[in-house]
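*Asks:* Pasting entry34.cif here (mmCIF, N, CA and C atoms):
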```
data_run
#
loop_
_atom_site.group_PDB
_atom_site.id
_atom_site.type_symbol
_atom_site.label_atom_id
_atom_site.label_comp_id
_atom_site.auth_asym_id
_atom_site.auth_seq_id
_atom_site.Cartn_x
_atom_site.Cartn_y
_atom_site.Cartn_z
ATOM 1 N N MET O 1 7.695 14.936 -17.141
ATOM 2 C CA MET O 1 7.735 13.846 -18.088
ATOM 3 C C MET O 1 7.546 14.408 -19.482
ATOM 4 N N GLY O 2 8.488 14.129 -20.343
ATOM 5 C CA GLY O 2 8.405 14.587 -21.714
ATOM 6 C C GLY O 2 7.623 13.609 -22.576
ATOM 7 N N LEU O 3 7.313 14.028 -23.771
ATOM 8 C CA LEU O 3 6.545 13.212 -24.701
ATOM 9 C C LEU O 3 7.188 11.851 -24.936
ATOM 10 N N PHE O 4 8.494 11.797 -25.069
ATOM 11 C CA PHE O 4 9.154 10.541 -25.407
ATOM 12 C C PHE O 4 9.467 9.678 -24.194
ATOM 13 N N ASP O 5 9.193 10.174 -22.989
ATOM 14 C CA ASP O 5 9.400 9.374 -21.784
ATOM 15 C C ASP O 5 8.498 8.147 -21.751
ATOM 16 N N ILE O 6 7.367 8.203 -22.448
ATOM 17 C CA ILE O 6 6.472 7.048 -22.446
ATOM 18 C C ILE O 6 7.099 5.858 -23.169
ATOM 19 N N PHE O 7 8.118 6.101 -24.002
ATOM 20 C CA PHE O 7 8.777 5.024 -24.721
ATOM 21 C C PHE O 7 10.007 4.500 -23.993
ATOM 22 N N ARG O 8 10.401 5.182 -22.938
ATOM 23 C CA ARG O 8 11.565 4.771 -22.166
ATOM 24 C C ARG O 8 11.203 3.530 -21.351
ATOM 25 N N PRO O 9 12.017 2.471 -21.459
ATOM 26 C CA PRO O 9 11.691 1.265 -20.693
ATOM 27 C C PRO O 9 11.831 1.504 -19.193
ATOM 28 N N VAL O 10 11.009 0.799 -18.438
ATOM 29 C CA VAL O 10 11.052 0.883 -16.982
ATOM 30 C C VAL O 10 12.276 0.115 -16.505
ATOM 31 N N ASP O 11 13.012 0.668 -15.562
ATOM 32 C CA ASP O 11 14.170 -0.003 -14.971
ATOM 33 C C ASP O 11 13.766 -0.508 -13.594
ATOM 34 N N ILE O 12 13.568 -1.804 -13.484
ATOM 35 C CA ILE O 12 13.107 -2.396 -12.236
ATOM 36 C C ILE O 12 14.060 -2.082 -11.087
ATOM 37 N N ASN O 13 15.345 -2.016 -11.358
ATOM 38 C CA ASN O 13 16.321 -1.750 -10.308
ATOM 39 C C ASN O 13 16.204 -0.327 -9.773
ATOM 40 N N GLU O 14 15.985 0.622 -10.653
ATOM 41 C CA GLU O 14 15.762 2.009 -10.220
ATOM 42 C C GLU O 14 14.452 2.140 -9.454
ATOM 43 N N GLU O 15 13.429 1.446 -9.938
ATOM 44 C CA GLU O 15 12.131 1.500 -9.264
ATOM 45 C C GLU O 15 12.215 0.895 -7.857
ATOM 46 N N LEU O 16 13.018 -0.151 -7.687
ATOM 47 C CA LEU O 16 13.196 -0.738 -6.355
ATOM 48 C C LEU O 16 13.882 0.246 -5.411
ATOM 49 N N LYS O 17 14.846 1.001 -5.929
ATOM 50 C CA LYS O 17 15.493 2.040 -5.116
ATOM 51 C C LYS O 17 14.466 3.094 -4.714
ATOM 52 N N ASN O 18 13.635 3.513 -5.669
ATOM 53 C CA ASN O 18 12.593 4.508 -5.384
ATOM 54 C C ASN O 18 11.620 3.979 -4.341
ATOM 55 N N MET O 19 11.241 2.713 -4.474
ATOM 56 C CA MET O 19 10.271 2.115 -3.557
ATOM 57 C C MET O 19 10.761 2.181 -2.117
ATOM 58 N N LYS O 20 12.050 1.969 -1.917
ATOM 59 C CA LYS O 20 12.615 1.952 -0.564
ATOM 60 C C LYS O 20 12.513 3.304 0.127
ATOM 61 N N THR O 21 12.286 4.359 -0.629
ATOM 62 C CA THR O 21 12.170 5.696 -0.047
ATOM 63 C C THR O 21 10.724 6.054 0.306
ATOM 64 N N ILE O 22 9.793 5.166 -0.016
ATOM 65 C CA ILE O 22 8.373 5.455 0.197
ATOM 66 C C ILE O 22 7.839 4.616 1.357
ATOM 67 N N PRO O 23 7.496 5.261 2.457
ATOM 68 C CA PRO O 23 6.965 4.520 3.608
ATOM 69 C C PRO O 23 5.702 3.733 3.251
ATOM 70 N N GLY O 24 5.656 2.491 3.679
ATOM 71 C CA GLY O 24 4.472 1.663 3.473
ATOM 72 C C GLY O 24 4.332 1.059 2.093
ATOM 73 N N ALA O 25 5.317 1.272 1.226
ATOM 74 C CA ALA O 25 5.246 0.720 -0.127
ATOM 75 C C ALA O 25 5.316 -0.804 -0.078
ATOM 76 N N VAL O 26 4.604 -1.435 -1.007
ATOM 77 C CA VAL O 26 4.549 -2.897 -1.095
ATOM 78 C C VAL O 26 5.081 -3.335 -2.450
ATOM 79 N N LEU O 27 5.954 -4.335 -2.420
ATOM 80 C CA LEU O 27 6.480 -4.935 -3.645
ATOM 81 C C LEU O 27 5.632 -6.168 -3.938
ATOM 82 N N LEU O 28 4.920 -6.146 -5.048
ATOM 83 C CA LEU O 28 3.952 -7.181 -5.376
ATOM 84 C C LEU O 28 4.378 -7.970 -6.610
ATOM 85 N N ASP O 29 4.575 -9.276 -6.428
ATOM 86 C CA ASP O 29 4.927 -10.195 -7.508
ATOM 87 C C ASP O 29 3.647 -10.875 -7.966
ATOM 88 N N VAL O 30 3.284 -10.730 -9.241
ATOM 89 C CA VAL O 30 2.020 -11.289 -9.729
ATOM 90 C C VAL O 30 2.213 -12.546 -10.575
ATOM 91 N N ARG O 31 3.390 -13.168 -10.462
ATOM 92 C CA ARG O 31 3.611 -14.437 -11.156
ATOM 93 C C ARG O 31 2.932 -15.566 -10.379
ATOM 94 N N GLU O 32 2.843 -16.720 -10.994
ATOM 95 C CA GLU O 32 2.240 -17.873 -10.332
ATOM 96 C C GLU O 32 3.140 -18.347 -9.194
ATOM 97 N N GLU O 33 2.543 -19.068 -8.238
ATOM 98 C CA GLU O 33 3.260 -19.499 -7.037
ATOM 99 C C GLU O 33 4.535 -20.273 -7.339
ATOM 100 N N ASP O 34 4.493 -21.177 -8.329
ATOM 101 C CA ASP O 34 5.679 -21.973 -8.646
ATOM 102 C C ASP O 34 6.808 -21.092 -9.176
ATOM 103 N N GLU O 35 6.489 -20.074 -9.944
ATOM 104 C CA GLU O 35 7.502 -19.144 -10.436
ATOM 105 C C GLU O 35 8.113 -18.362 -9.274
ATOM 106 N N TYR O 36 7.242 -17.939 -8.361
ATOM 107 C CA TYR O 36 7.686 -17.171 -7.202
ATOM 108 C C TYR O 36 8.619 -17.996 -6.322
ATOM 109 N N LYS O 37 8.270 -19.260 -6.111
ATOM 110 C CA LYS O 37 9.093 -20.128 -5.276
ATOM 111 C C LYS O 37 10.471 -20.372 -5.898
ATOM 112 N N GLU O 38 10.513 -20.400 -7.227
ATOM 113 C CA GLU O 38 11.771 -20.628 -7.932
ATOM 114 C C GLU O 38 12.735 -19.451 -7.766
ATOM 115 N N GLU O 39 12.195 -18.241 -7.852
ATOM 116 C CA GLU O 39 13.009 -17.025 -7.712
ATOM 117 C C GLU O 39 12.082 -15.858 -7.426
ATOM 118 N N ASN O 40 12.512 -14.987 -6.515
ATOM 119 C CA ASN O 40 11.729 -13.786 -6.231
ATOM 120 C C ASN O 40 12.646 -12.700 -5.691
ATOM 121 N N ILE O 41 12.126 -11.511 -5.641
ATOM 122 C CA ILE O 41 12.854 -10.388 -5.067
ATOM 123 C C ILE O 41 12.547 -10.373 -3.575
ATOM 124 N N PRO O 42 13.582 -10.308 -2.739
ATOM 125 C CA PRO O 42 13.349 -10.323 -1.282
ATOM 126 C C PRO O 42 12.319 -9.288 -0.837
ATOM 127 N N ASN O 43 11.529 -9.691 0.147
ATOM 128 C CA ASN O 43 10.497 -8.859 0.756
ATOM 129 C C ASN O 43 9.304 -8.579 -0.150
ATOM 130 N N SER O 44 9.164 -9.345 -1.223
ATOM 131 C CA SER O 44 7.996 -9.180 -2.081
ATOM 132 C C SER O 44 6.855 -10.050 -1.581
ATOM 133 N N VAL O 45 5.660 -9.677 -1.980
ATOM 134 C CA VAL O 45 4.441 -10.409 -1.650
ATOM 135 C C VAL O 45 3.943 -11.031 -2.948
ATOM 136 N N ASN O 46 3.594 -12.317 -2.909
ATOM 137 C CA ASN O 46 3.133 -13.003 -4.109
ATOM 138 C C ASN O 46 1.612 -13.133 -4.113
ATOM 139 N N ILE O 47 0.994 -12.470 -5.073
ATOM 140 C CA ILE O 47 -0.426 -12.649 -5.352
ATOM 141 C C ILE O 47 -0.524 -12.798 -6.871
ATOM 142 N N PRO O 48 -0.716 -14.029 -7.352
ATOM 143 C CA PRO O 48 -0.753 -14.248 -8.802
ATOM 144 C C PRO O 48 -1.841 -13.438 -9.498
ATOM 145 N N LEU O 49 -1.541 -13.003 -10.711
ATOM 146 C CA LEU O 49 -2.510 -12.269 -11.523
ATOM 147 C C LEU O 49 -3.808 -13.061 -11.638
ATOM 148 N N SER O 50 -3.705 -14.377 -11.745
ATOM 149 C CA SER O 50 -4.889 -15.223 -11.898
ATOM 150 C C SER O 50 -5.799 -15.199 -10.675
ATOM 151 N N ASN O 51 -5.295 -14.668 -9.564
ATOM 152 C CA ASN O 51 -6.079 -14.620 -8.329
ATOM 153 C C ASN O 51 -5.900 -13.266 -7.637
ATOM 154 N N LEU O 52 -5.788 -12.216 -8.432
ATOM 155 C CA LEU O 52 -5.441 -10.891 -7.912
ATOM 156 C C LEU O 52 -6.455 -10.340 -6.914
ATOM 157 N N GLU O 53 -7.678 -10.795 -6.984
ATOM 158 C CA GLU O 53 -8.686 -10.317 -6.035
ATOM 159 C C GLU O 53 -8.298 -10.637 -4.588
ATOM 160 N N ARG O 54 -7.393 -11.598 -4.388
ATOM 161 C CA ARG O 54 -6.909 -11.926 -3.041
ATOM 162 C C ARG O 54 -6.235 -10.740 -2.363
ATOM 163 N N ILE O 55 -5.887 -9.717 -3.125
ATOM 164 C CA ILE O 55 -5.250 -8.547 -2.519
ATOM 165 C C ILE O 55 -6.164 -7.925 -1.471
ATOM 166 N N GLU O 56 -7.458 -8.073 -1.644
ATOM 167 C CA GLU O 56 -8.412 -7.534 -0.673
ATOM 168 C C GLU O 56 -8.208 -8.169 0.703
ATOM 169 N N ASP O 57 -7.748 -9.433 0.737
ATOM 170 C CA ASP O 57 -7.491 -10.134 1.998
ATOM 171 C C ASP O 57 -6.282 -9.572 2.743
ATOM 172 N N MET O 58 -5.442 -8.823 2.047
ATOM 173 C CA MET O 58 -4.234 -8.274 2.648
ATOM 174 C C MET O 58 -4.520 -7.000 3.445
ATOM 175 N N HIS O 59 -5.679 -6.438 3.278
ATOM 176 C CA HIS O 59 -6.121 -5.246 4.021
ATOM 177 C C HIS O 59 -5.236 -4.018 3.769
ATOM 178 N N TYR O 60 -4.698 -3.901 2.558
ATOM 179 C CA TYR O 60 -3.992 -2.677 2.186
ATOM 180 C C TYR O 60 -5.031 -1.592 1.939
ATOM 181 N N THR O 61 -4.684 -0.361 2.272
ATOM 182 C CA THR O 61 -5.582 0.735 1.932
ATOM 183 C C THR O 61 -5.519 0.958 0.426
ATOM 184 N N LYS O 62 -6.540 1.576 -0.104
ATOM 185 C CA LYS O 62 -6.608 1.783 -1.560
ATOM 186 C C LYS O 62 -5.528 2.736 -2.073
ATOM 187 N N ASP O 63 -4.888 3.490 -1.150
ATOM 188 C CA ASP O 63 -3.816 4.392 -1.588
ATOM 189 C C ASP O 63 -2.423 3.862 -1.237
ATOM 190 N N THR O 64 -2.326 2.583 -0.880
ATOM 191 C CA THR O 64 -1.016 1.971 -0.615
ATOM 192 C C THR O 64 -0.191 1.979 -1.897
ATOM 193 N N PRO O 65 1.059 2.434 -1.837
ATOM 194 C CA PRO O 65 1.917 2.374 -3.025
ATOM 195 C C PRO O 65 2.265 0.914 -3.335
ATOM 196 N N LEU O 66 1.820 0.433 -4.497
ATOM 197 C CA LEU O 66 2.064 -0.937 -4.921
ATOM 198 C C LEU O 66 3.020 -0.939 -6.104
ATOM 199 N N PHE O 67 4.172 -1.549 -5.937
ATOM 200 C CA PHE O 67 5.165 -1.677 -6.996
ATOM 201 C C PHE O 67 5.057 -3.106 -7.513
ATOM 202 N N VAL O 68 4.558 -3.255 -8.726
ATOM 203 C CA VAL O 68 4.148 -4.555 -9.254
ATOM 204 C C VAL O 68 5.138 -5.052 -10.301
ATOM 205 N N TYR O 69 5.559 -6.325 -10.140
ATOM 206 C CA TYR O 69 6.441 -6.935 -11.133
ATOM 207 C C TYR O 69 5.998 -8.352 -11.460
ATOM 208 N N CYS O 70 6.535 -8.870 -12.566
ATOM 209 C CA CYS O 70 6.279 -10.247 -12.976
ATOM 210 C C CYS O 70 7.564 -10.768 -13.622
ATOM 211 N N HIS O 71 7.450 -11.587 -14.639
ATOM 212 C CA HIS O 71 8.646 -12.104 -15.309
ATOM 213 C C HIS O 71 9.217 -11.070 -16.285
ATOM 214 N N SER O 72 8.357 -10.564 -17.166
ATOM 215 C CA SER O 72 8.844 -9.654 -18.205
ATOM 216 C C SER O 72 8.244 -8.253 -18.151
ATOM 217 N N GLY O 73 7.150 -8.086 -17.438
ATOM 218 C CA GLY O 73 6.479 -6.793 -17.363
ATOM 219 C C GLY O 73 5.086 -6.802 -17.962
ATOM 220 N N ARG O 74 4.746 -7.829 -18.735
ATOM 221 C CA ARG O 74 3.429 -7.890 -19.364
ATOM 222 C C ARG O 74 2.322 -8.157 -18.343
ATOM 223 N N ARG O 75 2.483 -9.208 -17.548
ATOM 224 C CA ARG O 75 1.452 -9.521 -16.551
ATOM 225 C C ARG O 75 1.335 -8.423 -15.504
ATOM 226 N N SER O 76 2.460 -7.820 -15.142
ATOM 227 C CA SER O 76 2.390 -6.747 -14.145
ATOM 228 C C SER O 76 1.630 -5.543 -14.710
ATOM 229 N N GLY O 77 1.740 -5.312 -16.009
ATOM 230 C CA GLY O 77 0.956 -4.251 -16.643
ATOM 231 C C GLY O 77 -0.535 -4.544 -16.567
ATOM 232 N N LEU O 78 -0.906 -5.793 -16.843
ATOM 233 C CA LEU O 78 -2.307 -6.207 -16.726
ATOM 234 C C LEU O 78 -2.777 -6.113 -15.280
ATOM 235 N N ALA O 79 -1.902 -6.497 -14.354
ATOM 236 C CA ALA O 79 -2.246 -6.450 -12.932
ATOM 237 C C ALA O 79 -2.507 -5.016 -12.481
ATOM 238 N N VAL O 80 -1.695 -4.082 -12.936
ATOM 239 C CA VAL O 80 -1.885 -2.672 -12.557
ATOM 240 C C VAL O 80 -3.236 -2.175 -13.051
ATOM 241 N N MET O 81 -3.601 -2.542 -14.274
ATOM 242 C CA MET O 81 -4.923 -2.139 -14.781
ATOM 243 C C MET O 81 -6.027 -2.728 -13.906
ATOM 244 N N ARG O 82 -5.902 -3.986 -13.533
ATOM 245 C CA ARG O 82 -6.910 -4.644 -12.685
ATOM 246 C C ARG O 82 -6.941 -4.018 -11.289
ATOM 247 N N LEU O 83 -5.761 -3.732 -10.733
ATOM 248 C CA LEU O 83 -5.705 -3.097 -9.413
ATOM 249 C C LEU O 83 -6.409 -1.746 -9.426
ATOM 250 N N ARG O 84 -6.224 -1.000 -10.489
ATOM 251 C CA ARG O 84 -6.903 0.295 -10.605
ATOM 252 C C ARG O 84 -8.410 0.114 -10.679
ATOM 253 N N GLU O 85 -8.854 -0.939 -11.381
ATOM 254 C CA GLU O 85 -10.289 -1.243 -11.429
ATOM 255 C C GLU O 85 -10.815 -1.569 -10.026
ATOM 256 N N LEU O 86 -9.962 -2.189 -9.203
ATOM 257 C CA LEU O 86 -10.336 -2.535 -7.835
ATOM 258 C C LEU O 86 -10.241 -1.338 -6.887
ATOM 259 N N GLY O 87 -9.737 -0.196 -7.406
ATOM 260 C CA GLY O 87 -9.688 1.016 -6.604
ATOM 261 C C GLY O 87 -8.331 1.378 -6.028
ATOM 262 N N TYR O 88 -7.297 0.609 -6.352
ATOM 263 C CA TYR O 88 -5.955 0.924 -5.855
ATOM 264 C C TYR O 88 -5.361 2.025 -6.737
ATOM 265 N N THR O 89 -5.140 3.173 -6.132
ATOM 266 C CA THR O 89 -4.784 4.368 -6.906
ATOM 267 C C THR O 89 -3.292 4.562 -7.127
ATOM 268 N N HIS O 90 -2.456 3.823 -6.403
ATOM 269 C CA HIS O 90 -1.014 4.016 -6.511
ATOM 270 C C HIS O 90 -0.295 2.725 -6.898
ATOM 271 N N ALA O 91 -0.827 2.029 -7.893
ATOM 272 C CA ALA O 91 -0.189 0.814 -8.405
ATOM 273 C C ALA O 91 0.687 1.188 -9.598
ATOM 274 N N LYS O 92 1.894 0.629 -9.608
ATOM 275 C CA LYS O 92 2.847 0.972 -10.670
ATOM 276 C C LYS O 92 3.519 -0.293 -11.195
ATOM 277 N N ASN O 93 3.546 -0.444 -12.497
ATOM 278 C CA ASN O 93 4.238 -1.553 -13.141
ATOM 279 C C ASN O 93 5.732 -1.224 -13.186
ATOM 280 N N ILE O 94 6.546 -2.045 -12.510
ATOM 281 C CA ILE O 94 7.990 -1.780 -12.514
ATOM 282 C C ILE O 94 8.745 -2.771 -13.402
ATOM 283 N N GLY O 95 8.022 -3.584 -14.160
ATOM 284 C CA GLY O 95 8.676 -4.445 -15.138
ATOM 285 C C GLY O 95 8.851 -5.878 -14.696
ATOM 286 N N GLY O 96 9.917 -6.492 -15.234
ATOM 287 C CA GLY O 96 10.111 -7.921 -15.031
ATOM 288 C C GLY O 96 11.372 -8.274 -14.273
ATOM 289 N N ILE O 97 11.275 -9.397 -13.562
ATOM 290 C CA ILE O 97 12.395 -9.896 -12.769
ATOM 291 C C ILE O 97 13.575 -10.303 -13.673
ATOM 292 N N ILE O 98 13.318 -10.508 -14.949
ATOM 293 C CA ILE O 98 14.418 -10.875 -15.847
ATOM 294 C C ILE O 98 15.464 -9.767 -15.942
ATOM 295 N N HIS O 99 15.089 -8.555 -15.577
ATOM 296 C CA HIS O 99 16.030 -7.426 -15.612
ATOM 297 C C HIS O 99 16.549 -7.041 -14.223
ATOM 298 N N TYR O 100 16.156 -7.801 -13.212
ATOM 299 C CA TYR O 100 16.536 -7.513 -11.835
ATOM 300 C C TYR O 100 17.989 -7.902 -11.591
ATOM 301 N N LYS O 101 18.728 -6.988 -10.981
ATOM 302 C CA LYS O 101 20.122 -7.245 -10.602
ATOM 303 C C LYS O 101 20.180 -7.320 -9.101
ATOM 304 N N LYS O 102 20.526 -8.490 -8.596
ATOM 305 C CA LYS O 102 20.611 -8.666 -7.141
ATOM 306 C C LYS O 102 21.656 -7.741 -6.578
ATOM 307 N N ALA O 103 21.292 -7.094 -5.481
ATOM 308 C CA ALA O 103 22.200 -6.111 -4.857
ATOM 309 C C ALA O 103 23.347 -6.779 -4.139
#
```
Represent the structure of the file as structure tokens.
*Replies:*
Amino acid sequence: MGLFDIFRPVDINEELKNMKTIPGAVLLDVREEDEYKEENIPNSVNIPLSNLERIEDMHYTKDTPLFVYCHSGRRSGLAVMRLRELGYTHAKNIGGIIHYKKA
């Protein structure tokens, strides 16, 4: 990773391809339930940012690869910080569904 890579926007579509190559990876949507019901990425799990502690009920190990998205990428960024505080070491913000291209 070069110095300017931190300014490169995350491509949710590329990250979804990467996720499919990782055994046990989880796609986590942190939008509210009504947003999730309106539109979501197939095979994602919905745990709203407002209730993120519910992830403990899912019994994922702390090293489970978590690919986190929301509408634009802001809430998923906050969720990744919170997940790390909860001890999840492999949480990654993959951006927003607004940039998702259905396969």
*Asks:* Edge lengths and centre, in Å to one decimal, as AutoDock Vina command-line options: that's what I need for the box along x, y and z that holds all listed atoms of range 77-90 of chain O plus 5 Å on each side.
*Replies:*
```
--center_x -4.5 --center_y -1.0 --center_z -11.3 --size_x 22.6 --size_y 21.1 --size_z 21.0
```
*Asks:* Find the residue from O:Glu32, O:Val80, O:Lys102, O:Ser72 that sits nearest to Val10 in chain O; use only C-alpha atoms when measuring.
*Replies:* O:Ser72
*Asks:* Enumerate, as a list in words, the complete set of residues in chain O that a backbone-based DSSP assignment places in alpha helix (DSSP H).
*Replies:*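 The alpha helix (DSSP H) subset of chain O is Ile12, Asn13, Glu14, Glu15, Leu16, Lys17, Asn18, Met19, Glu33, Asp34, Glu35, Tyr36, Lys37, Glu38, Arg74, Arg75, Ser76, Gly77, Leu78, Ala79, Val80, Met81, Arg82, Leu83, Arg84 and Glu85 of chain O.
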*Asks:* Any chance you could work out the residue set of the PyMOL selection byres ((chain O and resi 49) around 6.5) here, as a PyMOL selection string?
*Replies:* chain O and resi 29-32+47-48+50-53+79
*Asks:* Interatomic distance between atom C of Arg75 in chain O and CA of Gly96 in chain O?
*Replies:*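 Spanning atom C of Arg75 in chain O to CA of Gly96 in chain O is a straight-line distance of 8.8 Å.
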*Asks:* Figure out the distance between CA of Pro42 in chain O and CA of Arg82 in chain O, please, to one decimal in Å.
*Replies:*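 Interatomic distance, CA of Arg82 in chain O to CA of Pro42 in chain O: 23.9 Å.
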*Asks:* Using only C-alpha atoms for the distances, tell me which of O:Met81, O:Thr64, O:Cys70, O:Gly95 is nearest to Ile22 in chain O.
*Replies:*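 So, comparing all the options, the nearest one is O:Thr64.
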*Asks:* Which of chain O end up as strand (DSSP E or B) when DSSP is run on this backbone - answer as number ranges by chain?
*Replies:* O: 26-29, 45-46, 66-70, 91-96
*Asks:* Under the rule that all atoms listed in the file are counted, which of O:Phe67, O:Ile97, O:Thr21, O:Glu56 is the nearest residue to Ile41 in chain O?
*Replies:*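 The shortest atom-to-atom distance to Ile41 in chain O comes from O:Ile97.
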*Asks:* Take the PyMOL selection byres ((chain O and resi 86-88) around 6.5), run it mentally on this structure, and tell me the resulting residues as a ChimeraX atom specification.
*Replies:* /O:61-64,81-85,89-91
*Asks:* In Å to one decimal, how far is CA of Tyr100 in chain O from CA of Asp11 in chain O?
*Replies:* 8.5 Å
*Asks:* Counting only N, CA and C atoms, select every polymer residue within 5 Å of (5.1, -2.3, -9.2) as defined in the file's coordinates, and provide the selection as a CSV table (one decimal) with N, CA and C atoms, in the frame of the given file.
*Replies:*
```csv
chain,number,residue,atom,x,y,z
O,66,LEU,N,1.8,0.4,-4.5
O,66,LEU,CA,2.1,-0.9,-4.9
O,66,LEU,C,3.0,-0.9,-6.1
O,67,PHE,N,4.2,-1.5,-5.9
O,67,PHE,CA,5.2,-1.7,-7.0
O,67,PHE,C,5.1,-3.1,-7.5
O,68,VAL,N,4.6,-3.3,-8.7
O,68,VAL,CA,4.1,-4.6,-9.3
O,68,VAL,C,5.1,-5.1,-10.3
O,69,TYR,N,5.6,-6.3,-10.1
O,69,TYR,CA,6.4,-6.9,-11.1
O,69,TYR,C,6.0,-8.4,-11.5
O,92,LYS,N,1.9,0.6,-9.6
O,92,LYS,CA,2.8,1.0,-10.7
O,92,LYS,C,3.5,-0.3,-11.2
O,93,ASN,N,3.5,-0.4,-12.5
O,93,ASN,CA,4.2,-1.6,-13.1
O,93,ASN,C,5.7,-1.2,-13.2
O,94,ILE,N,6.5,-2.0,-12.5
O,94,ILE,CA,8.0,-1.8,-12.5
O,94,ILE,C,8.7,-2.8,-13.4
```
